[in-house]
Structure formats: C-alpha cells, structure tokens
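Asks: File start.cif below, mmCIF, C-alpha atoms:
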```cif
data_data
#
loop_
_atom_site.label_atom_id
_atom_site.label_comp_id
_atom_site.auth_asym_id
_atom_site.auth_seq_id
_atom_site.Cartn_x
_atom_site.Cartn_y
_atom_site.Cartn_z
CA MET Z 1 -2.94 -18.12 2.66
CA ASN Z 2 -2.09 -14.45 2.49
CA PRO Z 3 0.16 -13.47 5.46
CA ASP Z 4 -0.76 -9.81 4.93
CA LEU Z 5 -4.14 -10.61 6.50
CA VAL Z 6 -2.64 -10.22 9.97
CA GLY Z 7 -3.88 -7.05 11.58
CA ARG Z 8 -6.69 -6.56 9.10
CA VAL Z 9 -9.86 -5.22 10.70
CA PHE Z 10 -13.16 -5.75 8.91
CA ALA Z 11 -16.21 -3.49 8.86
CA PRO Z 12 -18.62 -4.17 11.75
CA VAL Z 13 -21.51 -6.40 10.70
CA SER Z 14 -25.02 -5.00 11.11
CA PRO Z 15 -26.33 -5.18 14.68
CA TYR Z 16 -27.82 -8.49 15.83
CA LEU Z 17 -30.91 -8.37 18.03
CA VAL Z 18 -30.90 -11.35 20.40
CA GLY Z 19 -34.43 -12.78 20.45
CA ARG Z 20 -35.90 -14.74 23.35
CA GLU Z 21 -37.09 -17.56 21.10
CA LYS Z 22 -33.67 -17.71 19.40
CA VAL Z 23 -32.03 -18.14 22.80
CA ARG Z 24 -34.49 -20.91 23.65
CA GLU Z 25 -33.98 -22.58 20.26
CA PHE Z 26 -30.21 -22.48 20.64
CA ALA Z 27 -30.46 -23.70 24.24
CA ARG Z 28 -32.53 -26.73 23.15
CA ALA Z 29 -29.97 -27.47 20.43
CA VAL Z 30 -27.08 -27.67 22.94
CA PHE Z 31 -29.10 -29.66 25.52
CA ALA Z 32 -29.30 -26.65 27.86
CA THR Z 33 -32.16 -27.20 30.25
CA SER Z 34 -31.50 -24.55 32.90
CA PRO Z 35 -34.55 -22.36 33.62
CA LEU Z 36 -32.22 -19.37 33.16
CA ASN Z 37 -32.05 -20.23 29.43
CA HIS Z 38 -35.79 -20.72 28.98
CA ASP Z 39 -37.87 -18.94 31.60
CA PRO Z 40 -37.81 -15.10 31.78
CA VAL Z 41 -39.27 -15.24 35.30
CA ALA Z 42 -36.47 -17.49 36.56
CA ALA Z 43 -33.89 -15.33 34.77
CA SER Z 44 -35.37 -12.18 36.28
CA ALA Z 45 -35.36 -13.72 39.77
CA ALA Z 46 -31.63 -14.38 39.30
CA GLY Z 47 -31.03 -10.74 38.31
CA TYR Z 48 -30.95 -11.02 34.52
CA ALA Z 49 -33.01 -8.79 32.22
CA ASP Z 50 -34.32 -11.78 30.24
CA VAL Z 51 -33.40 -15.38 29.36
CA VAL Z 52 -29.64 -15.99 29.37
CA ALA Z 53 -27.90 -17.31 26.25
CA PRO Z 54 -25.72 -20.45 26.61
CA PRO Z 55 -21.94 -19.82 26.66
CA THR Z 56 -21.44 -20.79 23.02
CA PHE Z 57 -24.32 -18.66 21.67
CA ALA Z 58 -21.91 -15.97 20.48
CA VAL Z 59 -20.98 -18.28 17.61
CA VAL Z 60 -24.24 -17.24 15.95
CA LEU Z 61 -22.97 -13.66 15.78
CA GLN Z 62 -19.45 -14.70 14.95
CA GLU Z 63 -20.63 -16.68 11.92
CA ALA Z 64 -21.37 -13.52 9.91
CA THR Z 65 -17.93 -12.10 10.63
CA LEU Z 66 -16.12 -15.28 9.61
CA ALA Z 67 -18.10 -15.22 6.36
CA GLN Z 68 -16.48 -11.82 5.70
CA LEU Z 69 -13.04 -13.35 6.13
CA LEU Z 70 -13.75 -16.35 3.89
CA ALA Z 71 -15.16 -14.03 1.20
CA GLU Z 72 -12.17 -11.67 1.28
CA PRO Z 73 -10.84 -11.79 -2.29
CA ASP Z 74 -7.14 -11.74 -1.39
CA ALA Z 75 -7.40 -14.11 1.62
CA GLY Z 76 -6.82 -17.24 -0.41
CA ILE Z 77 -8.95 -19.41 1.87
CA ASP Z 78 -10.63 -22.39 0.21
CA PHE Z 79 -13.72 -23.00 2.35
CA SER Z 80 -13.92 -26.67 1.37
CA ARG Z 81 -10.52 -27.19 3.02
CA VAL Z 82 -11.30 -25.34 6.26
CA VAL Z 83 -11.39 -27.26 9.55
CA HIS Z 84 -12.23 -25.67 12.89
CA GLY Z 85 -9.10 -25.95 15.04
CA GLU Z 86 -9.78 -23.99 18.21
CA GLN Z 87 -12.54 -21.85 19.66
CA ARG Z 88 -12.78 -19.57 22.65
CA PHE Z 89 -15.29 -17.14 24.11
CA SER Z 90 -14.26 -14.44 26.61
CA TYR Z 91 -17.20 -12.70 28.24
CA THR Z 92 -17.50 -9.48 30.21
CA ARG Z 93 -21.10 -10.42 30.97
CA PRO Z 94 -23.55 -13.07 29.73
CA ILE Z 95 -25.66 -12.36 26.62
CA VAL Z 96 -29.37 -12.02 27.40
CA ALA Z 97 -32.43 -11.75 25.16
CA GLY Z 98 -33.01 -8.15 24.12
CA ASP Z 99 -29.32 -7.40 23.66
CA GLU Z 100 -28.46 -5.61 20.44
CA LEU Z 101 -24.91 -6.58 19.59
CA THR Z 102 -22.39 -5.57 16.98
CA ALA Z 103 -19.45 -7.77 15.97
CA THR Z 104 -16.19 -6.61 14.44
CA LEU Z 105 -13.66 -9.10 13.10
CA SER Z 106 -9.92 -8.79 13.02
CA VAL Z 107 -7.24 -11.25 12.00
CA THR Z 108 -4.69 -11.73 14.77
CA SER Z 109 -2.45 -14.46 13.41
CA VAL Z 110 -1.59 -16.40 10.27
CA LYS Z 111 0.77 -19.37 10.53
CA THR Z 112 1.94 -22.12 8.27
CA LEU Z 113 2.52 -25.51 9.82
CA GLY Z 114 3.62 -28.34 7.58
CA GLY Z 115 1.36 -28.15 4.54
CA ASN Z 116 -1.43 -26.49 6.48
CA ALA Z 117 -2.18 -22.85 7.17
CA MET Z 118 -3.75 -21.62 10.39
CA VAL Z 119 -5.59 -18.33 10.73
CA THR Z 120 -6.77 -16.92 14.04
CA ALA Z 121 -9.51 -14.33 13.93
CA GLU Z 122 -11.31 -12.61 16.76
CA SER Z 123 -14.75 -11.06 16.72
CA VAL Z 124 -15.20 -8.35 19.33
CA ILE Z 125 -18.87 -8.05 20.23
CA VAL Z 126 -20.19 -4.90 21.91
CA ASP Z 127 -23.54 -3.44 22.98
CA PRO Z 128 -25.04 -0.19 21.57
CA GLN Z 129 -23.03 1.86 24.11
CA GLY Z 130 -19.85 0.26 22.83
CA SER Z 131 -19.35 -1.74 26.04
CA HIS Z 132 -17.64 -5.08 25.56
CA VAL Z 133 -19.83 -8.15 25.93
CA VAL Z 134 -17.79 -11.01 24.47
CA THR Z 135 -14.85 -11.74 22.22
CA ALA Z 136 -15.14 -14.88 20.11
CA ILE Z 137 -11.81 -16.25 18.92
CA SER Z 138 -11.53 -18.91 16.21
CA THR Z 139 -8.57 -20.69 14.79
CA LEU Z 140 -9.28 -22.17 11.39
CA VAL Z 141 -6.99 -24.73 9.82
CA VAL Z 142 -6.82 -24.67 6.03
CA ARG Z 143 -5.59 -28.05 4.86
CA GLY Z 144 -2.89 -28.01 2.22
CA ASP Z 145 -3.13 -29.82 -1.12
CA ASP Z 146 -1.65 -33.05 0.21
CA ALA Z 147 -3.30 -33.05 3.63
CA MET N 1 -24.57 -22.66 56.21
CA ASN N 2 -26.73 -22.29 53.14
CA LEU N 3 -26.36 -25.53 51.22
CA ASP N 4 -27.68 -24.00 48.00
CA LYS N 5 -24.98 -21.37 47.91
CA LEU N 6 -21.93 -22.36 45.95
CA ASP N 7 -18.70 -20.42 45.61
CA HIS N 8 -14.94 -20.88 45.48
CA ARG N 9 -14.91 -21.96 49.13
CA SER N 10 -17.13 -24.95 48.31
CA ILE N 11 -14.60 -26.60 46.02
CA ALA N 12 -11.03 -27.86 45.89
CA VAL N 13 -8.66 -28.62 43.03
CA GLY N 14 -9.37 -32.10 41.71
CA ASP N 15 -13.04 -32.21 42.73
CA VAL N 16 -15.31 -33.66 40.05
CA VAL N 17 -18.21 -31.21 40.02
CA ALA N 18 -20.23 -32.78 37.24
CA GLU N 19 -20.29 -35.82 35.01
CA ARG N 20 -22.76 -36.65 32.27
CA THR N 21 -23.21 -38.61 29.06
CA PHE N 22 -25.07 -37.12 26.12
CA SER N 23 -26.60 -39.10 23.26
CA LEU N 24 -26.14 -37.22 20.01
CA THR N 25 -28.30 -38.39 17.11
CA ARG N 26 -28.73 -37.22 13.53
CA ASP N 27 -31.76 -35.30 14.83
CA SER N 28 -29.46 -33.42 17.21
CA LEU N 29 -27.27 -32.38 14.29
CA VAL N 30 -30.19 -31.10 12.22
CA ARG N 31 -31.51 -29.21 15.22
CA TYR N 32 -28.10 -27.65 15.88
CA ALA N 33 -27.66 -26.75 12.19
CA GLY N 34 -30.91 -24.82 12.28
CA ALA N 35 -30.26 -23.13 15.61
CA SER N 36 -26.69 -22.12 14.82
CA GLY N 37 -26.95 -21.43 11.09
CA ASP N 38 -24.12 -23.87 10.29
CA PHE N 39 -25.51 -25.81 7.34
CA ASN N 40 -22.30 -27.50 6.21
CA PRO N 41 -23.64 -30.76 4.65
CA ILE N 42 -20.91 -32.90 6.24
CA HIS N 43 -23.12 -32.66 9.33
CA TYR N 44 -26.18 -34.26 7.74
CA ARG N 45 -25.33 -35.91 4.40
CA ASP N 46 -23.44 -39.21 4.29
CA ASP N 47 -22.62 -38.85 0.59
CA VAL N 48 -20.99 -35.44 1.06
CA ALA N 49 -19.10 -36.59 4.17
CA THR N 50 -17.78 -39.62 2.30
CA SER N 51 -16.83 -37.58 -0.77
CA VAL N 52 -14.47 -35.40 1.28
CA GLY N 53 -12.84 -38.41 2.90
CA LEU N 54 -14.61 -38.43 6.27
CA PRO N 55 -15.56 -41.68 8.00
CA GLY N 56 -19.20 -40.50 8.16
CA VAL N 57 -21.44 -37.63 9.15
CA LEU N 58 -19.78 -35.63 11.93
CA ALA N 59 -21.24 -33.66 14.80
CA HIS N 60 -20.52 -29.94 14.51
CA GLY N 61 -17.46 -29.20 16.65
CA MET N 62 -19.45 -26.30 18.06
CA LEU N 63 -22.26 -28.67 19.04
CA THR N 64 -19.83 -30.84 21.00
CA MET N 65 -18.36 -27.70 22.57
CA GLY N 66 -21.81 -26.32 23.39
CA VAL N 67 -23.04 -29.56 24.94
CA ALA N 68 -19.83 -30.21 26.89
CA VAL N 69 -20.18 -27.04 28.98
CA GLN N 70 -23.75 -27.73 30.05
CA PRO N 71 -22.89 -29.90 33.07
CA VAL N 72 -20.89 -26.93 34.39
CA VAL N 73 -23.74 -24.51 33.67
CA ASP N 74 -26.14 -26.77 35.58
CA TRP N 75 -23.73 -27.22 38.46
CA LEU N 76 -23.42 -23.41 38.75
CA GLY N 77 -27.15 -22.75 38.55
CA THR N 78 -27.73 -19.17 39.72
CA ASN N 79 -24.48 -19.15 41.73
CA GLY N 80 -22.24 -18.11 38.87
CA TRP N 81 -21.71 -17.84 35.15
CA VAL N 82 -19.24 -18.88 32.48
CA ALA N 83 -16.85 -15.99 31.84
CA ASP N 84 -14.45 -17.77 29.52
CA TYR N 85 -14.58 -21.06 27.65
CA GLY N 86 -12.08 -22.44 25.17
CA VAL N 87 -11.41 -25.76 23.44
CA ARG N 88 -9.28 -27.38 20.79
CA PHE N 89 -11.03 -29.72 18.38
CA THR N 90 -8.81 -32.78 18.43
CA ARG N 91 -10.96 -35.61 17.03
CA PRO N 92 -14.24 -35.72 15.13
CA VAL N 93 -17.41 -37.25 16.59
CA VAL N 94 -18.94 -39.56 13.98
CA VAL N 95 -22.71 -39.83 14.42
CA ASP N 96 -24.11 -43.15 13.23
CA PRO N 97 -27.59 -42.85 11.63
CA LEU N 98 -28.99 -45.62 13.85
CA GLU N 99 -26.79 -45.67 16.94
CA GLY N 100 -25.96 -41.98 17.21
CA ALA N 101 -22.91 -41.10 19.28
CA SER N 102 -22.40 -41.10 23.00
CA VAL N 103 -20.30 -38.21 24.34
CA THR N 104 -19.18 -38.24 27.96
CA VAL N 105 -18.18 -35.15 29.93
CA VAL N 106 -16.27 -35.10 33.21
CA ALA N 107 -15.85 -31.65 34.77
CA LYS N 108 -13.07 -31.30 37.32
CA VAL N 109 -11.80 -28.30 39.27
CA GLY N 110 -8.44 -27.20 37.83
CA VAL N 111 -7.79 -23.93 39.65
CA VAL N 112 -9.58 -22.13 42.48
CA GLY N 113 -9.36 -18.33 42.69
CA GLU N 114 -11.01 -15.58 44.71
CA GLY N 115 -14.61 -15.74 43.51
CA THR N 116 -13.58 -17.72 40.46
CA ALA N 117 -12.57 -21.20 39.37
CA ARG N 118 -11.24 -22.94 36.33
CA ILE N 119 -13.10 -26.12 35.51
CA ASP N 120 -11.35 -28.56 33.19
CA LEU N 121 -13.46 -30.76 30.96
CA THR N 122 -12.59 -34.23 29.75
CA VAL N 123 -14.80 -34.95 26.78
CA THR N 124 -14.70 -38.42 25.28
CA TYR N 125 -16.35 -40.40 22.53
CA ASN N 126 -15.49 -44.07 21.93
CA ASN N 127 -13.03 -43.75 24.85
CA GLU N 128 -11.03 -41.10 23.00
CA THR N 129 -10.74 -37.44 23.89
CA VAL N 130 -12.46 -35.22 21.32
CA LEU N 131 -11.82 -31.80 22.86
CA GLY N 132 -8.36 -30.74 23.97
CA LYS N 133 -7.55 -28.14 26.60
CA ALA N 134 -11.25 -27.68 27.29
CA GLN N 135 -11.26 -25.10 30.08
CA VAL N 136 -14.16 -23.19 31.59
CA GLN N 137 -13.44 -20.09 33.65
CA VAL N 138 -16.38 -19.48 35.98
CA THR N 139 -17.22 -16.41 38.05
CA PHE N 140 -19.30 -16.91 41.17
CA ARG N 141 -21.93 -14.31 41.95
#
```
Would you mind writing the structure in this file as structure tokens?
Replies:
Amino acid sequence: MNPDLVGRVFAPVSPYLVGREKVREFARAVFATSPLNHDPVAASAAGYADVVAPPTFAVVLQEATLAQLLAEPDAGIDFSRVVHGEQRFSYTRPIVAGDELTATLSVTSVKTLGGNAMVTAESVIVDPQGSHVVTAISTLVVRGDDA
Amino acid sequence: MNLDKLDHRSIAVGDVVAERTFSLTRDSLVRYAGASGDFNPIHYRDDVATSVGLPGVLAHGMLTMGVAVQPVVDWLGTNGWVADYGVRFTRPVVVDPLEGASVTVVAKVGVVGEGTARIDLTVTYNNETVLGKAQVQVTFR
C-alpha cells in the first residue's frame, strides 16, 4: 500500500438525505426495536425532530467515502484482500430522519504489520451548516500475498 | 425517586446493565446487505466464501457491531444516547444455512462519569469473543 496516502483528503461526497423509511429499514436490519427508531411520535415526545438512526447507521454514509479510497488509482488496495479490522463512530448528536449530511474522507494512518498493511481512514460527517454530526473511523486490513 | 429515570447515579462500575442473545440467520444477512448497501457475496454465497478460504458464509462485521449495541440502546431508552461506539473485529461469525448463529451480548459498566458512562460489551459466538475492545460511551440526558 502507498504510504503517501497518509494525510490525503478526498472531495466531499454528494449530500445524503436521511429518509425515515431508510432509518426504519436499517433499524430492522440491526434488530433495533426501540420506538425512537420507528415511531416519529415517540421520537418527538423524547425531543427528537424525527425517528433516530441506530448508532451504526453512519456506515451507510461512510460506504461511499471508502469506495473513493478503494478506487484511488495510486492507493494500491486490492479490494478482494480487504478485511475490516476496527470501526468507531464518534457523535456530536444522533442522526435523525430529515438530516442532510455530507461526508469527507481523509486517511489518517498507513501501517505495515508482518505481511499485512493497515489503513485507517476517517469520514467526517457534517450538516448543511457545517456543524459536526459524526466521525466514522475505519481500519482496513489488506492481507499480504502469503496471508 | 422516579424509577424510570436513569443516569450516572443509577449505576456502578461492574454492573451488568443488559444481556441478550440474538439469532442471526441467512435471512438476517440478506436483510442487512440491503439495508446497509454492503453486498459483498461472502455474506450470502457459500461458493464465494469457500473460494476465498472462509469456513462458510459470514455475518457482516458491521451487522454484529450494530446488533451488539442494541441492548445498551434499549437499556437507555429515552434517558440517554450513544455518543461513541468502537470495536475491533477479532473473529468471524459463521452463519449456518440451517442453524444460523447465536450471538450473545453482555453489557457491563466500565466507567462512570458526570452524566456519562462507558459500557463495555462482551460479544460471543460459540463461546468465543468476536468483538474486541467493544466500548460504548453513553451520554445521559
């Protein structure tokens, strides 16, 4: 993998509009049954503008940014050898339906360990005012030829 | 005292706040693939999984991560939210086409702060830990 990737900042991906049915669909997929995830009335009663996305929902937005990294011509990342090593989400506030969010990826670390390479990339996700909502951080392990 | 109200004063380090077992099936994987947009075939095709040297079709790591936090979300209810959540993917969860896979989550208080807490998750499948350093930072509201 190309060590010069560290510090590279990618172009923001086009804004993602969080739909209520998408939140519900994702919630069902991760066995989330809280009324906050499904019922706008319950969410509103708890002080949220609309249904609340589960904590790992930001991966849906992060996906498009990681695709940028994997497609980078000089990155040298073979997708068929990529394994997800670590994942983290750091929120300023929960995502709710109706949010329009923009994600920007940067590469924060590239390491080689044994025959494997590890790349850490973070996607900073903001609202239309530029206020931070969540940062999604992934470490991908690219297995070497012998691994 | 309002019994419904939960905050950092209601808990102590070491308390188990939630415990649950989830049954993942191949249906769960297809549903998660559609909802998340992760259509890697190792999560639904035995032939592809086998061809890349895997023991079988695997659950998406992000599905395991997403499911594992739910007991904490339900414990919090409207009393708080998940501000930070991180995991390491240490072992794959193989999902048998007939039997599925049973994933157990134990959520224990790791740190108590002012209006916050860190909840540590132990997530196991076949009596082995599948997520390492699974920590949920919650903010009470």
Asks: Residue by residue, what does the PyMOL selection byres ((chain N) within 8 of (chain Z)) grab here? Present the result as a list of chain:residue names.
Replies: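 On this input, the PyMOL selection byres ((chain N) within 8 of (chain Z)) captures N:Ser28, N:Arg31, N:Tyr32, N:Ala35, N:Ser36, N:Gly37, N:Gly61, N:Met62, N:Leu63, N:Met65, N:Gly66, N:Val67, N:Val69, N:Gln70, N:Val73, N:Asp74, N:Gly77, N:Thr78, N:Trp81, N:Val82, N:Ala83, N:Asp84, N:Tyr85, N:Gly86, N:Val87, N:Arg88, N:Phe89, N:Thr90.
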Asks: Based on the selection just made, write C-alpha atoms of those residues as a compact mmCIF listing (two decimals), keeping the file's coordinate frame.
Replies:
```
# COMPACT_ATOMS: atom_id res chain seq x y z
CA SER N 28 -29.46 -33.42 17.21
CA ARG N 31 -31.51 -29.21 15.22
CA TYR N 32 -28.10 -27.65 15.88
CA ALA N 35 -30.26 -23.13 15.61
CA SER N 36 -26.69 -22.12 14.82
CA GLY N 37 -26.95 -21.43 11.09
CA GLY N 61 -17.46 -29.20 16.65
CA MET N 62 -19.45 -26.30 18.06
CA LEU N 63 -22.26 -28.67 19.04
CA MET N 65 -18.36 -27.70 22.57
CA GLY N 66 -21.81 -26.32 23.39
CA VAL N 67 -23.04 -29.56 24.94
CA VAL N 69 -20.18 -27.04 28.98
CA GLN N 70 -23.75 -27.73 30.05
CA VAL N 73 -23.74 -24.51 33.67
CA ASP N 74 -26.14 -26.77 35.58
CA GLY N 77 -27.15 -22.75 38.55
CA THR N 78 -27.73 -19.17 39.72
CA TRP N 81 -21.71 -17.84 35.15
CA VAL N 82 -19.24 -18.88 32.48
CA ALA N 83 -16.85 -15.99 31.84
CA ASP N 84 -14.45 -17.77 29.52
CA TYR N 85 -14.58 -21.06 27.65
CA GLY N 86 -12.08 -22.44 25.17
CA VAL N 87 -11.41 -25.76 23.44
CA ARG N 88 -9.28 -27.38 20.79
CA PHE N 89 -11.03 -29.72 18.38
CA THR N 90 -8.81 -32.78 18.43
```
Asks: So the first atom is atom CA of N:Glu19 and the second is atom CA of N:Val106; what is the distance between them in Å, to one decimal place?
Replies: 4.5 Å
Asks: Would you give the centre and edge lengths, in Å to one decimal, of a box along x, y and z around the listed atoms of stretch 17-32 of chain Z, with 5 Å added to each side, as JSON?
Replies:
```
{"center_x": -32.1, "center_y": -19.0, "center_z": 22.9, "size_x": 20.0, "size_y": 31.3, "size_z": 19.8}
```
Asks: Evaluate the PyMOL selection byres ((chain Z and resi 8) around 6) here and jot the selected residues down as a PyMOL selection string.
Replies: chain Z and resi 5-7+9+106-107
Asks: If I take atom CA of N:Ile42 and atom CA of Z:Val82, how far is one from the other in Å, to one decimal?
Replies: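 Interatomic distance here is 12.2 Å.
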Asks: Would you write out, as a PyMOL selection string, every residue that the PyMOL selection byres ((chain N and resi 12) around 10) captures in this file?
Replies: chain N and resi 8-11+13-17+108-112+117
Asks: Work out how far apart atom CA of Z:Val110 and atom CA of N:Thr122 are and give it in Å to one decimal.
Replies: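 If I compute the distance from atom CA of Z:Val110 to atom CA of N:Thr122, I get 28.6 Å.
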Asks: So that I can see what lies close to stretch 23-26 of chain N, please list as a ChimeraX atom specification the residues with an atom at most 12 Å from it, counting only C-alpha atoms and leaving out residues fewer than 3 positions away in the same chain.
Replies: /Z:29-31 /N:20,29-33,42-46,56-60,63-64,67-68,93-105,125
Asks: Identify, on the basis of only C-alpha atoms, every residue whose closest approach to N:Gly80 does not exceed 6 Å; exclude the query and any residue fewer than 3 positions from it along the same chain; express the result as a list in words.
Replies: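 Listing them by chain and then by number gives Leu76, Thr139, Phe140 and Arg141 of chain N.
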Asks: Keeping only C-alpha atoms, write those residues as a CSV table (one decimal), keeping the file's coordinate frame.
Replies:
```csv
chain,number,residue,atom,x,y,z
N,76,LEU,CA,-23.4,-23.4,38.8
N,139,THR,CA,-17.2,-16.4,38.0
N,140,PHE,CA,-19.3,-16.9,41.2
N,141,ARG,CA,-21.9,-14.3,42.0
```
Asks: Write out as JSON lines the residues of stretch 2-91 of chain Z that have any atom within 8 Å of an atom of stretch 120-123 of chain Z, one row each with the nearest atom pair and its distance in Å to one decimal, counting only C-alpha atoms, sorted by chain and then rising number.
Replies:
```
{"residue": "Z:Gln62", "atom": "CA", "partner": "Z:Ser123", "partner_atom": "CA", "distance": 6.2}
{"residue": "Z:Thr65", "atom": "CA", "partner": "Z:Ser123", "partner_atom": "CA", "distance": 6.9}
{"residue": "Z:Leu66", "atom": "CA", "partner": "Z:Ala121", "partner_atom": "CA", "distance": 8.0}
```
Asks: If you keep C-alpha atoms, can you produce a file of those selected residues as a short mmCIF file (atom, residue, chain, number, x, y, z; two decimals), keeping the file's coordinate frame?
Replies:
```
data_model
loop_
_atom_site.label_atom_id
_atom_site.label_comp_id
_atom_site.auth_asym_id
_atom_site.auth_seq_id
_atom_site.Cartn_x
_atom_site.Cartn_y
_atom_site.Cartn_z
CA GLN Z 62 -19.45 -14.70 14.95
CA THR Z 65 -17.93 -12.10 10.63
CA LEU Z 66 -16.12 -15.28 9.61
#
```
Asks: Could you check the closest approach to Z:Leu113 for each of Z:Ile77, Z:Leu101, Z:Ala11, Z:Met1 and tell me which residue wins, using only C-alpha atoms?
Replies: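 Closest to Z:Leu113, using only C-alpha atoms: Z:Met1.
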Asks: Restricting the calculation to all atoms listed in the file: of Z:Val96, Z:Tyr16, Z:Phe10, Z:Ala67, which residue gets closest to Z:Val51?
Replies: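 Closest residue, counting all atoms listed in the file: Z:Val96.
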